[in-house]
Structures are given as structure tokens and as C-alpha cells.
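One structure below.
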Amino acid sequence: MSTLPDHITPSGAEAYRTLVEAPGSPIWTHPREDRLTPAMRREVQAFAALVRTHPPAWHPGRQPAWLDPWLERIWGHVPALARRGPRPPNLGDITPTSRSDLAADPAAHVPDDIALDELLAYSTSGTASAPMTVPSHPVTTASYYPLLRHAASWIVDVDLRPDHLDWVTVISQEVGGYVIPSWSSTTGTLTAQISLHADRWRTPADIGTFLADHDPRVITGDPVAFDVLLELDPSIHPQLLVSTASALSAGLRERLETRFGAPVLDVLSLTETGPVAVSTTAGGPHRLVQPRLFVETLRPDGSPTAEGEQGEIVLTGGMNRALPLVRYRTGDRATLRWTPDATAPVLDDVEGRPVVVFRTLDGGRVNSHSVTVALRPLALPRLTLHQDGDGGLILGLDDPDGPDATRALTLLGELFPGSPIAVVAVPTDRAKVVPYSTD
């Protein structure tokens, strides 16, 4: 396993070693160090205070006070922005950016004053567009904890125990998906990302035993992973469940709350931005959570939507210092609504990324993220994968007759043994395609 950082407490180090070496632990594949320096930890603490004291706030037709100075500061430091020339005086005059812009040149969107040895790189799952690499930073990653704990405080008081495994992320993809133990210097707790697939454990029974023995207070995951967790039915008593990455159905929320007796935060979140907004009740609005993230909704032609009109969620600002976003089109849709007693709008009728689960011929499930990971070696600019009602697959590529098509068929054949797979051309009249779908 990795070398423990110097600042870990003696009790934390002992708890971490016990977690890693316990016979019933999963087969850890990607140990993670706490990369926060003392200065970074102070920044996370400052962000936690900002979240509590400065909630999102602006009035209809106006912008928050922080926005213009922030734009002025970052414009000349981000190559992709500096190439546009002088900053337009009004935010509405700035041409929106898209995922294709970021995917084409991720480095151009990183400020030139970010230390390269501090950068992190994450890969998107590809549920809303083509998979891409997203720059990030250790302070951004660590800041998820105070942000989500603050959002949770609206419905529950989460009490994390020092040196306990109290924050667990469950994953369900069949390939990829690192199994990670770590110790958080900002919470003082152990954290882990674990797979719910038996092949990541020494024996299948270890999954339920491990979860029951640690009984974590917070469990995060996507709806597919939570569905698998319900099937496993471990003896756990979480204080909070956090659903993210894709749309959560009202039925699954109800099943989770009934079975585990804990409230569910439904989080609208992107790899690029972190958590944007959360819903605490089924069918309820999504409340904005980031102090310095400005949200617009635009029509396809780029004009602002009218009151009560649904549009594409477009973001400026955000907590990811390695990726300052300026009018970034998310691909998600919602209605921006103002309430009389609110300091900022809420998002209604959110259409997030749908859960996409494929089936193998023997009835097994294949998470769309597994498809992304399996095809990642090909570095395909665009792809689509559709499964019809009979289980057949249709793979769309820009060059269906090229060598990548042959390799893609081989890789998909390993995920879907025996399933018929046809290869077609991705439509050329659309820059953005929905990569995954099923009947």
C-alpha cells in the first residue's frame, strides 16, 4: 500500500493499516494518499466556512458580486479564454463553452498559475457525451466533504467518528473502478471506494460482512450501485445516503429510505464542477449549494430562457480551481425558478443524465461506465451504443470501417459474450450525440 503522509495522526495510521490489512477487506487496487499540504488543508477549512456563511445569492436579472472580479482575474490566466481576446464586458456577450471544447484540449482550460505537480485528472463516465479527461486539484476533491455535509445539514446531522470508516462510496461497474482506501485529514475519518462485485473480494460473503463490521455513517454512489446494494441487503445503519452521477427515480429513493432508514440527498453533479444542486425530497426542487457558482438556463440558440421555461443548465465559476468554467453548457436541463423567500434560484424539473444499464445474454448487468472504461484504450472521439429489446447491440463510430471498429468489437465482446454487435456510422450532422441508450 501507499506510504502514509506525515501529518496523519497515530490513531489514524493504525486505523488505516487495520482497514487495509483486514482479512475481510476488498482487494484494494488503487491506494490513495491524502495529498493535502498544511496550506491546502487551511484552504479546505476556509471553503467549509464559506459554504456555511455565504450561500449562493443573487437577484433575478442580476449577477452575484463576486462574478465580475472573478472573470477579470481568471481571463488572462486560462489559455482557452485568453485566445478569445479581451474579455467582453457583459457575461451574456461571452460565447458559451461545451464539453467538446474541453475534450478537444483539456490543458488549455487549466489556469497557467496552477502548479503542475498538484494537478489531478479524472475521466468522465460518458453518460451525457463522449468520455473526456477533466483536470482537478486536491483541494477540490477534499472540499466535497464539507459541501455535502452542509447540504445534508438541511435534513440530518451527520456525526462522523474519528478514525472510523464512516464515508464509503459504492461502485458497480464490472470493469475499471478503482477500489480505494484512504484517510481524510479534513474529516479525521477513514474513507473508501469499494466495488459491490464479488470478483473484487476474496469471498462473496465478505462484502456484507465488511459493510456490517464498519457500518459507515455516509454512503455515496450512483443509482445503479444503490440498486445493487439493496439486493445485497447488508446489515448497516447509515445516517445519510448520497446519490449522484445520474438521475435518481422516486421509486428507488423510496426503497432506499425505507430499507436503510436514512434520508437521501439526490445530487446534481458533474466531474467538471462537483456538486451543483441537491434535492432532499422526491419531486422537490434542487437547491444550489456552491457559494461561487453562477447558474443560467439557455435555449439552444444561446438566449436566456423566460421565467418558467426549461433550458440547458449553463455554469460559470465553481469550486474546481484547475478548471474555472465560463458559461459552460452541461447537457442537463432544468427550469430556473425564484421563490419569494430565497436568496438564489432553485432548479425545477431537472433532467439529469439517465441511468444506462445494459444486459448480457445471461441476464447480467453492464453499467455504461464499464463500456466507457473498456473502450478507453481506443480514444474514440465519439461513440454510441444502443441495445435493442432482444439484447442486440448497435455500436456507432465515426469510422465504422476503420481498425478501431475491429478492436471495439473485440473489447465489447468480452463484456457481452455471445451478443450480436453491429457497427454503424455516428450521424455527421450532430456535434453532440447521446452515447448510451437501451430499449
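Labeling convention for the C-alpha cells: chains A, B, ... as they appear, residues from 1 per chain, ligands from 1 in order of appearance.
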Enumerate, in order of chain and increasing residue number, the residues of segment 158-245 of chain A with an atom no farther than 6 Å from segment 251-265 of chain A, each with its shortest atom pair and distance in Å to one decimal, counting only C-alpha atoms, as JSON lines.
```
{"residue": "A:Gln239", "atom": "CA", "partner": "A:Ala262", "partner_atom": "CA", "distance": 5.4}
{"residue": "A:Leu240", "atom": "CA", "partner": "A:Ala262", "partner_atom": "CA", "distance": 5.4}
{"residue": "A:Leu241", "atom": "CA", "partner": "A:Val264", "partner_atom": "CA", "distance": 4.7}
{"residue": "A:Val242", "atom": "CA", "partner": "A:Leu265", "partner_atom": "CA", "distance": 4.8}
```
### Query
In segment 91-246 of chain A, what's helix (DSSP H, G or I) per DSSP? Answer as JSON, numbers by chain?
{"A": [91, 92, 93, 99, 100, 101, 102, 103, 104, 106, 107, 108, 109, 116, 117, 118, 138, 139, 140, 141, 142, 143, 144, 145, 146, 147, 148, 149, 150, 151, 152, 198, 199, 200, 205, 206, 207, 208, 209, 210, 211, 212, 213, 214, 223, 224, 225, 226, 227, 228, 229, 230, 231, 232]}
Using only C-alpha atoms, which residues of segment 285-329 of chain A come within 6 Å of segment 272-279 of chain A, and what is the closest atom pair for each, with the distance in Å to one decimal? Give it as a Markdown table, sorted by chain and residue number.
```
| residue | atom | partner | partner_atom | distance |
| --- | --- | --- | --- | --- |
| A:Pro285 | CA | A:Ser279 | CA | 5.8 |
| A:His286 | CA | A:Ser279 | CA | 4.4 |
| A:Arg287 | CA | A:Ala277 | CA | 5.0 |
| A:Leu288 | CA | A:Ala277 | CA | 4.2 |
| A:Val289 | CA | A:Ala277 | CA | 5.4 |
```
### Query
Can you list, as a PyMOL selection string, every protein, DNA or RNA residue that comes within 12 Å of Pro304 of chain A when you count only C-alpha atoms, leaving out same-chain residues fewer than 2 positions away?
chain A and resi 61+91-93+96+295-302+306-314+327+335-336
Expected file contents, prior selection, N, CA and C atoms, as a tab-separated table (two decimals), in the first residue's frame:
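Listing of out-v3.tsv after writing:
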```tsv
chain	number	residue	atom	x	y	z
A	61	GLY	N	-32.23	38.71	-12.85
A	61	GLY	CA	-31.73	39.68	-13.79
A	61	GLY	C	-30.41	40.31	-13.40
A	91	LEU	N	-21.36	39.33	-19.18
A	91	LEU	CA	-21.31	37.87	-19.22
A	91	LEU	C	-22.13	37.32	-20.39
A	92	GLY	N	-23.27	37.93	-20.66
A	92	GLY	CA	-24.13	37.44	-21.73
A	92	GLY	C	-23.52	37.57	-23.11
A	93	ASP	N	-22.46	38.36	-23.25
A	93	ASP	CA	-21.78	38.51	-24.54
A	93	ASP	C	-20.68	37.46	-24.75
A	96	PRO	N	-20.85	30.71	-25.00
A	96	PRO	CA	-20.76	29.55	-24.11
A	96	PRO	C	-19.75	28.52	-24.60
A	295	VAL	N	-25.46	30.17	-12.09
A	295	VAL	CA	-26.23	29.24	-12.91
A	295	VAL	C	-27.18	30.01	-13.82
A	296	GLU	N	-27.14	29.66	-15.10
A	296	GLU	CA	-28.10	30.17	-16.08
A	296	GLU	C	-28.80	28.99	-16.72
A	297	THR	N	-29.92	29.25	-17.38
A	297	THR	CA	-30.53	28.26	-18.28
A	297	THR	C	-30.73	28.94	-19.62
A	298	LEU	N	-30.24	28.28	-20.67
A	298	LEU	CA	-30.25	28.87	-22.00
A	298	LEU	C	-31.04	28.00	-22.97
A	299	ARG	N	-31.56	28.66	-24.00
A	299	ARG	CA	-32.18	27.97	-25.12
A	299	ARG	C	-31.08	27.45	-26.04
A	300	PRO	N	-31.42	26.57	-27.00
A	300	PRO	CA	-30.40	26.07	-27.92
A	300	PRO	C	-29.66	27.16	-28.69
A	301	ASP	N	-30.33	28.30	-28.94
A	301	ASP	CA	-29.67	29.38	-29.68
A	301	ASP	C	-28.80	30.26	-28.78
A	302	GLY	N	-28.72	29.94	-27.48
A	302	GLY	CA	-27.87	30.69	-26.57
A	302	GLY	C	-28.58	31.81	-25.84
A	306	ALA	N	-37.06	32.18	-20.57
A	306	ALA	CA	-38.02	33.02	-19.86
A	306	ALA	C	-38.37	32.36	-18.52
A	307	GLU	N	-39.02	33.11	-17.64
A	307	GLU	CA	-39.44	32.58	-16.34
A	307	GLU	C	-40.32	31.35	-16.55
A	308	GLY	N	-39.93	30.24	-15.92
A	308	GLY	CA	-40.70	29.01	-16.02
A	308	GLY	C	-40.41	28.17	-17.25
A	309	GLU	N	-39.49	28.59	-18.09
A	309	GLU	CA	-39.16	27.85	-19.31
A	309	GLU	C	-37.93	26.98	-19.06
A	310	GLN	N	-38.03	25.72	-19.44
A	310	GLN	CA	-36.90	24.82	-19.25
A	310	GLN	C	-35.80	25.11	-20.28
A	311	GLY	N	-34.56	25.01	-19.84
A	311	GLY	CA	-33.42	25.22	-20.73
A	311	GLY	C	-32.22	24.42	-20.27
A	312	GLU	N	-31.13	24.56	-21.00
A	312	GLU	CA	-29.90	23.84	-20.65
A	312	GLU	C	-29.19	24.57	-19.51
A	313	ILE	N	-28.75	23.82	-18.51
A	313	ILE	CA	-28.03	24.39	-17.37
A	313	ILE	C	-26.64	24.81	-17.83
A	314	VAL	N	-26.30	26.07	-17.59
A	314	VAL	CA	-25.02	26.64	-18.01
A	314	VAL	C	-24.35	27.24	-16.76
A	327	ARG	N	-19.55	30.06	-18.59
A	327	ARG	CA	-20.74	29.75	-19.41
A	327	ARG	C	-20.60	28.35	-20.03
A	335	THR	N	-35.57	23.98	-15.11
A	335	THR	CA	-36.23	25.27	-15.07
A	335	THR	C	-35.68	26.06	-13.88
A	336	LEU	N	-35.18	27.24	-14.14
A	336	LEU	CA	-34.66	28.10	-13.08
A	336	LEU	C	-35.84	28.87	-12.48
```
### Task
From a DSSP pass on the backbone, collect the residues of segment 122-242 of chain A flagged as strand (DSSP E or B) and hand them back as number ranges by chain.
A: 122-123, 133-136, 165-171, 180-183, 190-195, 218-221, 240-242
### Query
What is the atom CA of Leu411 of chain A to atom CA of Arg200 of chain A distance in Å?
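It comes out at 20.4 Å.
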### Task
Skip Leu397 of chain A itself and residues of its chain fewer than 5 positions away, then list as a PyMOL selection string all residues within 6 Å of it, counting only C-alpha atoms.
chain A and resi 383+425-426
Would you mind exporting N, CA, C and O atoms of the selected residues as a PDB file, in the first residue's frame?
```
ATOM      1  N   LEU A 383     -18.802   8.072 -29.790  1.00  0.00           N
ATOM      2  CA  LEU A 383     -19.341   6.722 -29.962  1.00  0.00           C
ATOM      3  C   LEU A 383     -20.761   6.705 -29.459  1.00  0.00           C
ATOM      4  O   LEU A 383     -21.173   7.554 -28.656  1.00  0.00           O
ATOM      5  N   ALA A 425     -22.302   4.057 -38.647  1.00  0.00           N
ATOM      6  CA  ALA A 425     -21.673   5.379 -38.578  1.00  0.00           C
ATOM      7  C   ALA A 425     -22.471   6.291 -37.647  1.00  0.00           C
ATOM      8  O   ALA A 425     -23.705   6.307 -37.678  1.00  0.00           O
ATOM      9  N   VAL A 426     -21.755   7.065 -36.819  1.00  0.00           N
ATOM     10  CA  VAL A 426     -22.394   8.080 -35.999  1.00  0.00           C
ATOM     11  C   VAL A 426     -22.901   9.186 -36.927  1.00  0.00           C
ATOM     12  O   VAL A 426     -22.207   9.575 -37.873  1.00  0.00           O
TER      13      VAL A 426
END
```
### Query
Do you have the atom CA of Leu395 of chain A-atom CA of Asp227 of chain A distance handy?
26.6 Å
### Task
Would you work out the distance separating atom CA of Gln45 of chain A from atom CA of Thr186 of chain A, expressed in Å to one decimal?
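So the answer is 7.7 Å.
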If we count only C-alpha atoms, what is near Asp34 of chain A at a cut-off of 8 Å, once residues fewer than 4 positions away on the same chain are taken out, given as a compact mmCIF listing (two decimals) with N, CA and C atoms, in the first residue's frame?
```txt
# COMPACT_ATOMS: atom_id res chain seq x y z
N PRO A 5 1.00 9.72 4.78
CA PRO A 5 1.54 11.06 4.89
C PRO A 5 1.98 11.37 6.32
N SER A 182 -8.50 5.23 2.04
CA SER A 182 -7.79 6.48 2.29
C SER A 182 -8.14 6.98 3.69
N TRP A 183 -7.40 7.98 4.11
CA TRP A 183 -7.66 8.66 5.38
C TRP A 183 -7.75 10.13 5.08
N SER A 184 -8.81 10.78 5.56
CA SER A 184 -9.06 12.18 5.25
C SER A 184 -8.56 13.07 6.37
N SER A 185 -7.62 13.95 6.05
CA SER A 185 -7.10 14.86 7.08
C SER A 185 -8.10 15.97 7.39
```
#### Entry: All residues 12 Å or closer to segment 385-390 of chain A, only C-alpha atoms, same chain fewer than 2 positions away omitted, as a PyMOL selection string
chain A and resi 126-127+129-130+356-361+363+366+368-369+371-372+375+382-383+392-397+408-409+412+416+419-426+433-439
